[in-house]
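Quick look at work32.tsv (TSV, C-alpha atoms):
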```tsv
chain	number	residue	atom	x	y	z
A	1	MET	CA	7.97	13.58	6.97
A	2	VAL	CA	7.81	12.80	10.68
A	3	GLU	CA	6.54	9.30	11.42
A	4	SER	CA	6.07	7.01	14.37
A	5	VAL	CA	9.25	4.94	14.51
A	6	ASP	CA	10.18	2.02	16.73
A	7	TYR	CA	13.60	3.37	17.69
A	8	GLN	CA	16.18	0.67	18.31
A	9	PRO	CA	19.80	1.07	19.46
A	10	LEU	CA	22.23	0.84	16.57
A	11	SER	CA	24.74	-1.99	16.79
A	12	ILE	CA	27.19	-3.77	14.54
A	13	THR	CA	24.80	-6.72	14.36
A	14	GLN	CA	21.81	-4.65	13.25
A	15	ASN	CA	20.37	-5.79	9.93
A	16	SER	CA	20.65	-3.05	7.31
A	17	GLN	CA	17.32	-4.10	5.76
A	18	ASN	CA	15.50	-1.87	8.23
A	19	THR	CA	17.10	1.33	6.92
A	20	GLN	CA	17.06	0.85	3.15
A	21	GLU	CA	14.24	1.83	0.83
A	22	CYS	CA	13.37	2.22	-2.83
A	23	PHE	CA	11.69	5.38	-4.04
A	24	LEU	CA	10.49	7.42	-7.03
A	25	GLN	CA	9.76	11.14	-7.13
A	26	GLY	CA	7.90	13.70	-9.17
A	27	SER	CA	5.81	16.86	-8.95
A	28	ILE	CA	2.34	17.98	-9.93
A	29	PHE	CA	0.82	21.42	-10.47
A	30	ASP	CA	-1.72	22.72	-7.99
A	31	GLN	CA	-4.56	22.66	-10.52
A	32	HIS	CA	-4.20	18.87	-10.95
A	33	VAL	CA	-3.48	17.78	-7.38
A	34	ASN	CA	-7.13	17.07	-6.50
A	35	GLN	CA	-7.31	14.67	-9.43
A	36	LEU	CA	-4.27	12.87	-8.03
A	37	HIS	CA	-5.89	12.62	-4.58
A	38	ASP	CA	-8.98	11.08	-6.18
A	39	ARG	CA	-6.85	8.50	-7.96
A	40	LEU	CA	-4.93	7.65	-4.78
A	41	ARG	CA	-8.12	7.18	-2.76
A	42	GLY	CA	-9.18	4.60	-5.32
A	43	LEU	CA	-5.83	2.79	-5.46
A	44	CYS	CA	-4.71	2.82	-1.83
A	45	ASP	CA	-5.81	1.03	1.32
A	46	ASN	CA	-9.36	1.75	2.45
A	47	VAL	CA	-8.39	4.15	5.25
A	48	GLN	CA	-8.40	7.91	5.47
A	49	PRO	CA	-5.11	9.50	4.36
A	50	PHE	CA	-3.07	11.01	7.16
A	51	SER	CA	-2.83	14.81	6.97
A	52	PHE	CA	0.39	16.34	8.27
A	53	ILE	CA	2.26	19.62	8.71
A	54	ASP	CA	6.00	19.22	9.29
A	55	HIS	CA	8.76	21.70	10.04
A	56	GLU	CA	11.89	20.44	8.27
A	57	ARG	CA	15.52	21.60	8.06
A	58	THR	CA	18.09	20.13	5.69
A	59	TYR	CA	21.79	20.18	6.62
A	60	PHE	CA	24.78	19.50	4.36
A	61	MET	CA	28.40	18.74	5.23
A	62	LYS	CA	31.06	18.46	2.52
A	63	THR	CA	33.91	16.00	2.98
A	64	MET	CA	37.29	15.53	1.34
A	65	GLN	CA	36.50	11.90	0.59
A	66	SER	CA	33.48	12.49	-1.65
A	67	THR	CA	31.98	15.08	-3.98
A	68	VAL	CA	28.54	14.22	-2.60
A	69	PRO	CA	27.86	15.94	0.74
A	70	ILE	CA	26.53	14.20	3.83
A	71	ILE	CA	22.82	15.02	4.19
A	72	VAL	CA	20.91	15.11	7.47
A	73	LYS	CA	17.33	16.29	7.96
A	74	ALA	CA	15.82	17.49	11.23
A	75	SER	CA	12.03	17.54	11.36
A	76	ARG	CA	9.15	17.80	13.78
A	77	ALA	CA	5.40	17.61	13.45
A	78	ILE	CA	3.40	20.81	13.87
A	79	SER	CA	0.30	20.11	15.94
A	80	LYS	CA	-2.97	22.00	15.98
A	81	PHE	CA	-1.37	24.12	18.68
A	82	PRO	CA	1.77	25.76	17.13
A	83	SER	CA	3.08	26.72	20.55
A	84	THR	CA	3.51	23.01	21.43
A	85	PRO	CA	5.10	21.28	18.39
A	86	GLY	CA	6.16	17.66	18.49
A	87	PRO	CA	9.68	16.42	19.33
A	88	TRP	CA	12.52	16.66	16.84
A	89	GLN	CA	13.48	13.69	14.69
A	90	LEU	CA	16.86	13.36	12.97
A	91	LYS	CA	17.30	11.44	9.70
A	92	TYR	CA	20.55	10.56	7.99
A	93	PHE	CA	20.24	9.96	4.25
A	94	GLY	CA	22.89	7.77	2.68
A	95	THR	CA	24.06	8.13	-0.91
A	96	THR	CA	21.22	7.74	-3.40
A	97	ASP	CA	21.80	4.97	-5.91
A	98	SER	CA	19.94	5.50	-9.16
A	99	GLY	CA	21.55	2.36	-10.58
A	100	SER	CA	21.54	1.40	-14.24
A	101	ARG	CA	18.94	2.46	-16.77
A	102	ASN	CA	17.24	-0.90	-16.34
A	103	LYS	CA	16.76	-0.42	-12.60
A	104	ALA	CA	13.12	0.39	-11.86
A	105	ALA	CA	13.64	2.74	-8.86
A	106	MET	CA	16.29	4.52	-6.84
A	107	THR	CA	17.53	3.21	-3.49
A	108	ARG	CA	18.83	4.97	-0.40
A	109	SER	CA	19.69	4.13	3.19
A	110	ILE	CA	18.02	6.02	6.04
A	111	VAL	CA	18.80	6.04	9.75
A	112	THR	CA	16.26	7.75	12.03
A	113	VAL	CA	16.86	8.78	15.64
A	114	ALA	CA	14.84	10.71	18.21
A	115	CYS	CA	16.07	14.00	19.71
A	116	ASN	CA	15.27	15.37	23.16
A	117	LYS	CA	15.89	18.95	22.00
A	118	ASN	CA	16.53	21.06	18.91
A	119	PRO	CA	19.58	19.47	17.19
A	120	ASP	CA	20.63	22.67	15.37
A	121	ASP	CA	23.57	23.58	17.66
A	122	PHE	CA	24.78	19.97	17.79
A	123	LEU	CA	24.82	19.63	14.00
A	124	LYS	CA	26.62	22.93	13.49
A	125	GLU	CA	29.29	21.90	16.00
A	126	LEU	CA	29.86	18.77	13.89
A	127	GLY	CA	30.40	20.93	10.81
A	128	PHE	CA	26.98	20.83	9.16
A	129	THR	CA	25.48	23.90	7.49
A	130	MET	CA	21.73	24.40	7.20
A	131	GLN	CA	20.79	24.72	3.53
A	132	PHE	CA	17.00	24.73	3.58
A	133	GLU	CA	14.22	25.32	6.09
A	134	VAL	CA	10.72	24.52	4.89
A	135	GLN	CA	7.30	23.52	6.04
A	136	LEU	CA	5.63	20.53	4.39
A	137	ARG	CA	1.85	20.36	4.29
A	138	GLY	CA	0.28	17.31	2.75
A	139	LYS	CA	-1.21	13.85	2.96
A	140	LEU	CA	0.22	10.38	3.45
A	141	TYR	CA	-1.39	7.37	1.74
A	142	ARG	CA	-0.52	3.69	2.07
A	143	LYS	CA	-0.87	0.76	-0.31
A	144	ALA	CA	0.34	-2.33	1.59
A	145	ASN	CA	4.03	-1.62	2.19
A	146	ILE	CA	4.13	1.35	-0.22
A	147	LYS	CA	4.04	4.85	1.26
A	148	ILE	CA	2.80	7.74	-0.90
A	149	VAL	CA	3.39	11.34	0.12
A	150	VAL	CA	1.81	14.35	-1.62
A	151	ALA	CA	3.06	17.56	-0.02
A	152	LYS	CA	3.24	21.30	-0.57
A	153	LEU	CA	6.58	22.96	0.23
A	154	MET	CA	6.37	26.28	2.05
A	155	SER	CA	9.21	28.68	2.92
A	156	LYS	CA	9.36	31.67	5.25
A	157	ASN	CA	8.68	35.04	3.68
A	158	PHE	CA	11.20	37.89	3.64
A	159	ASP	CA	10.48	39.04	7.21
A	160	ASP	CA	10.20	35.50	8.70
A	161	THR	CA	6.64	36.08	9.90
A	162	LYS	CA	4.84	33.33	7.99
A	163	TYR	CA	5.29	30.53	5.45
A	164	GLU	CA	4.47	31.01	1.77
A	165	ASN	CA	4.33	28.72	-1.26
A	166	ILE	CA	7.68	27.97	-2.86
A	167	ALA	CA	6.06	27.06	-6.18
A	168	GLN	CA	2.68	26.34	-7.73
A	169	SER	CA	3.31	22.60	-7.52
A	170	ASN	CA	3.39	19.71	-5.07
A	171	LEU	CA	6.06	17.13	-4.29
A	172	VAL	CA	5.02	13.52	-4.88
A	173	GLU	CA	7.10	10.61	-3.58
A	174	ILE	CA	6.42	6.89	-3.32
A	175	SER	CA	8.69	4.62	-1.28
A	176	ALA	CA	8.87	1.19	0.30
A	177	PRO	CA	11.33	-0.76	2.50
A	178	ALA	CA	13.75	-2.88	0.50
A	179	THR	CA	16.71	-5.20	0.82
A	180	ALA	CA	19.98	-4.97	-1.06
A	181	ARG	CA	20.00	-6.36	-4.60
A	182	ASP	CA	16.30	-7.26	-4.44
A	183	GLU	CA	14.48	-5.77	-7.44
A	184	THR	CA	11.02	-6.97	-6.35
A	185	VAL	CA	10.16	-3.81	-4.40
A	186	SER	CA	11.45	-1.42	-7.07
A	187	ILE	CA	9.33	-3.21	-9.70
A	188	GLU	CA	6.26	-2.88	-7.42
A	189	LEU	CA	6.92	0.85	-7.11
A	190	LYS	CA	7.31	1.26	-10.86
A	191	ASN	CA	4.03	-0.57	-11.49
A	192	PHE	CA	2.23	1.57	-8.93
A	193	ALA	CA	3.69	4.72	-10.50
A	194	LEU	CA	2.34	3.64	-13.89
A	195	ASN	CA	-1.16	3.59	-12.38
A	196	LEU	CA	-0.81	7.30	-11.58
A	197	ARG	CA	-0.14	8.29	-15.18
A	198	PRO	CA	-0.96	10.53	-16.97
A	199	ILE	CA	-1.85	12.61	-13.89
A	200	VAL	CA	1.71	12.57	-12.57
A	201	HIS	CA	4.92	11.00	-13.87
A	202	LEU	CA	7.16	9.55	-11.15
A	203	ASP	CA	10.67	8.60	-12.14
A	204	LYS	CA	14.29	8.32	-11.05
A	205	ILE	CA	16.28	11.53	-10.67
A	206	ASP	CA	19.98	12.26	-10.90
A	207	PRO	CA	20.94	13.13	-7.28
A	208	LYS	CA	24.22	14.81	-8.31
A	209	ARG	CA	22.43	17.17	-10.70
A	210	MET	CA	19.85	17.98	-8.02
A	211	LEU	CA	22.55	18.86	-5.50
A	212	GLN	CA	24.40	21.03	-8.04
A	213	ALA	CA	21.20	22.96	-8.71
A	214	PHE	CA	20.98	24.03	-5.06
A	215	GLN	CA	24.67	24.78	-4.49
```

Exercise: express the given structure as structure tokens:
Amino acid sequence: MVESVDYQPLSITQNSQNTQECFLQGSIFDQHVNQLHDRLRGLCDNVQPFSFIDHERTYFMKTMQSTVPIIVKASRAISKFPSTPGPWQLKYFGTTDSGSRNKAAMTRSIVTVACNKNPDDFLKELGFTMQFEVQLRGKLYRKANIKIVVAKLMSKNFDDTKYENIAQSNLVEISAPATARDETVSIELKNFALNLRPIVHLDKIDPKRMLQAFQ
């Protein structure tokens, strides 16, 4: 989702801690999502969850060096006035590391940059192909450094006039900033995920199998 980010110039001396995070994912059917929201309001910080509507595009680029494509997402927040949406934000997602069976959560590197215009033409010139275009509607909760997103994925209908539900379920993701080879954050995420059971089960996924399913 689109967030307020303190954009800093990238340099060879930049600490990679700022762009790495641990995360777990899952899904929940529509009929149980209100129960999950009730649980999160009890577990998370005592502030109102942030409601959001984001327009998101996912781009892939295959390379000769790897079987896993390069993934970039372009997103912008949709305001109360659809004619004046927010600025575009570009996110590069590094290779997801699900680690060994004993590892509590997956890790990935993320680099976020601001865009002064729609990056679609720029990305296509680089060789990227847009794979998905969706709208995410949901809520963002926080528990200290843990971010919890519960969102509904919407896609355009056959005549591109409006967005419709992709499925009768909601995406659930919890994440937190992490440093390399530090298992403390991933263990915190796993413990938090256990508090959400049996309403929703959050776990590691196999990124290669997920990519194959959409190719």

With a cut-off of 10 Å, could you pull out the residues of region 83-196 of chain A touching region 30-46 of chain A and give me the nearest pair of atoms for each, distance in Å to one decimal, using only C-alpha atoms, ordered by chain and ascending number, as JSON lines?
```
{"residue": "A:Lys139", "atom": "CA", "partner": "A:His37", "partner_atom": "CA", "distance": 9.0}
{"residue": "A:Tyr141", "atom": "CA", "partner": "A:Cys44", "partner_atom": "CA", "distance": 6.7}
{"residue": "A:Arg142", "atom": "CA", "partner": "A:Cys44", "partner_atom": "CA", "distance": 5.8}
{"residue": "A:Lys143", "atom": "CA", "partner": "A:Cys44", "partner_atom": "CA", "distance": 4.6}
{"residue": "A:Ala144", "atom": "CA", "partner": "A:Asp45", "partner_atom": "CA", "distance": 7.0}
{"residue": "A:Ile146", "atom": "CA", "partner": "A:Cys44", "partner_atom": "CA", "distance": 9.1}
{"residue": "A:Lys147", "atom": "CA", "partner": "A:Cys44", "partner_atom": "CA", "distance": 9.5}
{"residue": "A:Ile148", "atom": "CA", "partner": "A:Leu40", "partner_atom": "CA", "distance": 8.6}
{"residue": "A:Val150", "atom": "CA", "partner": "A:His37", "partner_atom": "CA", "distance": 8.4}
{"residue": "A:Ala151", "atom": "CA", "partner": "A:Val33", "partner_atom": "CA", "distance": 9.8}
{"residue": "A:Lys152", "atom": "CA", "partner": "A:Asp30", "partner_atom": "CA", "distance": 9.0}
{"residue": "A:Ala167", "atom": "CA", "partner": "A:Asp30", "partner_atom": "CA", "distance": 9.1}
{"residue": "A:Gln168", "atom": "CA", "partner": "A:Asp30", "partner_atom": "CA", "distance": 5.7}
{"residue": "A:Ser169", "atom": "CA", "partner": "A:Asp30", "partner_atom": "CA", "distance": 5.1}
{"residue": "A:Asn170", "atom": "CA", "partner": "A:Asp30", "partner_atom": "CA", "distance": 6.6}
{"residue": "A:Val172", "atom": "CA", "partner": "A:Val33", "partner_atom": "CA", "distance": 9.8}
{"residue": "A:Phe192", "atom": "CA", "partner": "A:Leu43", "partner_atom": "CA", "distance": 8.9}
{"residue": "A:Asn195", "atom": "CA", "partner": "A:Leu43", "partner_atom": "CA", "distance": 8.4}
{"residue": "A:Leu196", "atom": "CA", "partner": "A:Arg39", "partner_atom": "CA", "distance": 7.1}
```

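Considering only C-alpha atoms, the residue among A:Ala105, A:Ile70, A:Ala114, A:Leu153 positioned nearest to Phe93 (chain A) is A:Ile70.
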
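Proximity of A:Pro177, A:Gly127, A:Gly26, A:Pro198 to Tyr59 (chain A), computed with only C-alpha atoms, is greatest for A:Gly127.
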
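Between Glu188 (chain A) and the residues A:Gln20, A:Asn116, A:Ser175, A:Gln131, the shortest atom-to-atom distance, using all atoms listed in the file, involves A:Ser175.
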
Per-axis box centre and lengths in Å around region 165-182 of chain A, 4 Å margin per side, axis-aligned, as AutoDock Vina command-line options:
```
--center_x 11.3 --center_y 10.7 --center_z -2.6 --size_x 25.3 --size_y 44.0 --size_z 18.2
```

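Residue nearest Lys103 (chain A) within the list A:Leu171, A:Val185, A:Met130, A:Leu123: A:Val185 [criterion: smallest interatomic distance, all atoms listed in the file].
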
* Can you list, as a ChimeraX atom specification, every protein, DNA or RNA residue that comes within 10 Å of Pro69 (chain A) when you count only C-alpha atoms, leaving out same-chain residues fewer than 4 positions away? -> /A:59-65,94-95,128,208,211

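If you look at CA of Pro49 (chain A) and CA of Cys22 (chain A), they are 21.1 Å away from each other.
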
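What separates CA of Ala176 (chain A) from CA of Tyr92 (chain A) is a distance of 16.8 Å.
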
Could you pull region 16-121 of chain A out of the block above and give me C-alpha atoms, as a compact mmCIF listing (two decimals), in the first residue's frame?
```txt
# COMPACT_ATOMS: atom_id res chain seq x y z
CA SER A 16 20.47 -1.87 3.85
CA GLN A 17 18.58 -2.20 7.16
CA ASN A 18 16.15 0.46 6.01
CA THR A 19 14.89 -1.59 3.06
CA GLN A 20 14.59 -5.10 4.50
CA GLU A 21 11.55 -6.53 6.23
CA CYS A 22 10.10 -9.77 7.54
CA PHE A 23 6.55 -10.72 6.67
CA LEU A 24 3.83 -13.39 6.81
CA GLN A 25 0.75 -13.64 4.61
CA GLY A 26 -2.65 -15.26 4.53
CA SER A 27 -6.27 -14.74 3.51
CA ILE A 28 -9.66 -14.71 5.18
CA PHE A 29 -13.18 -15.12 3.82
CA ASP A 30 -15.49 -12.12 3.78
CA GLN A 31 -17.86 -13.64 6.34
CA HIS A 32 -15.08 -13.77 8.97
CA VAL A 33 -13.25 -10.50 8.29
CA ASN A 34 -15.23 -8.47 10.86
CA GLN A 35 -14.17 -10.95 13.53
CA LEU A 36 -10.55 -10.37 12.51
CA HIS A 37 -10.99 -6.58 12.73
CA ASP A 38 -12.39 -6.99 16.26
CA ARG A 39 -9.38 -9.07 17.27
CA LEU A 40 -6.93 -6.56 15.77
CA ARG A 41 -8.57 -3.62 17.55
CA GLY A 42 -7.95 -5.45 20.81
CA LEU A 43 -4.35 -6.43 20.03
CA CYS A 44 -3.01 -3.34 18.27
CA ASP A 45 -2.06 0.16 19.37
CA ASN A 46 -4.91 2.25 20.77
CA VAL A 47 -5.42 4.35 17.64
CA GLN A 48 -7.98 4.17 14.87
CA PRO A 49 -6.91 1.95 11.96
CA PHE A 50 -6.05 3.82 8.79
CA SER A 51 -8.52 3.19 5.95
CA PHE A 52 -7.08 3.27 2.45
CA ILE A 53 -7.93 2.78 -1.23
CA ASP A 54 -4.91 2.22 -3.47
CA HIS A 55 -4.53 1.83 -7.21
CA GLU A 56 -1.72 -0.68 -7.79
CA ARG A 57 0.04 -2.10 -10.86
CA THR A 58 2.50 -4.99 -10.76
CA TYR A 59 5.24 -5.25 -13.40
CA PHE A 60 7.48 -8.23 -14.17
CA MET A 61 10.71 -8.44 -16.16
CA LYS A 62 12.37 -11.79 -16.88
CA THR A 63 16.15 -11.98 -17.04
CA MET A 64 18.62 -14.52 -18.38
CA GLN A 65 20.43 -14.62 -15.05
CA SER A 66 17.53 -15.86 -12.93
CA THR A 67 14.33 -17.87 -13.19
CA VAL A 68 12.69 -15.43 -10.78
CA PRO A 69 11.55 -12.24 -12.53
CA ILE A 70 12.27 -8.72 -11.31
CA ILE A 71 9.13 -7.34 -9.65
CA VAL A 72 8.22 -3.65 -9.43
CA LYS A 73 4.95 -2.21 -8.16
CA ALA A 74 3.57 1.23 -9.00
CA SER A 75 0.85 2.50 -6.67
CA ARG A 76 -0.99 5.65 -5.72
CA ALA A 77 -3.58 6.50 -3.11
CA ILE A 78 -7.13 7.19 -4.27
CA SER A 79 -8.53 10.17 -2.38
CA LYS A 80 -12.15 11.02 -1.69
CA PHE A 81 -12.04 12.86 -4.99
CA PRO A 82 -11.18 10.27 -7.72
CA SER A 83 -10.37 13.01 -10.21
CA THR A 84 -7.38 14.08 -8.07
CA PRO A 85 -5.54 10.89 -6.96
CA GLY A 86 -2.28 11.04 -5.05
CA PRO A 87 1.20 10.88 -6.62
CA TRP A 88 2.66 7.62 -7.90
CA GLN A 89 5.04 5.60 -5.75
CA LEU A 90 7.41 2.97 -7.17
CA LYS A 91 8.52 -0.05 -5.14
CA TYR A 92 11.17 -2.59 -6.08
CA PHE A 93 10.78 -5.97 -4.39
CA GLY A 94 13.92 -8.04 -4.05
CA THR A 95 13.94 -11.83 -4.03
CA THR A 96 11.80 -13.28 -1.25
CA ASP A 97 13.72 -15.55 1.10
CA SER A 98 11.53 -18.11 2.81
CA GLY A 99 14.61 -19.62 4.45
CA SER A 100 14.69 -22.98 6.19
CA ARG A 101 11.72 -24.69 7.78
CA ASN A 102 12.89 -23.42 11.16
CA LYS A 103 12.80 -19.78 10.06
CA ALA A 104 9.77 -18.05 11.57
CA ALA A 105 8.99 -15.61 8.70
CA MET A 106 9.97 -14.69 5.17
CA THR A 107 12.27 -11.77 4.38
CA ARG A 108 12.48 -9.42 1.41
CA SER A 109 14.22 -6.20 0.46
CA ILE A 110 12.19 -3.19 -0.65
CA VAL A 111 13.31 0.08 -2.21
CA THR A 112 10.67 2.84 -2.48
CA VAL A 113 10.97 5.97 -4.63
CA ALA A 114 8.60 8.83 -5.46
CA CYS A 115 7.46 9.53 -9.04
CA ASN A 116 6.49 12.90 -10.49
CA LYS A 117 4.29 11.25 -13.14
CA ASN A 118 2.81 7.91 -14.19
CA PRO A 119 5.80 5.51 -14.48
CA ASP A 120 4.08 3.14 -16.94
CA ASP A 121 5.90 4.31 -20.10
```
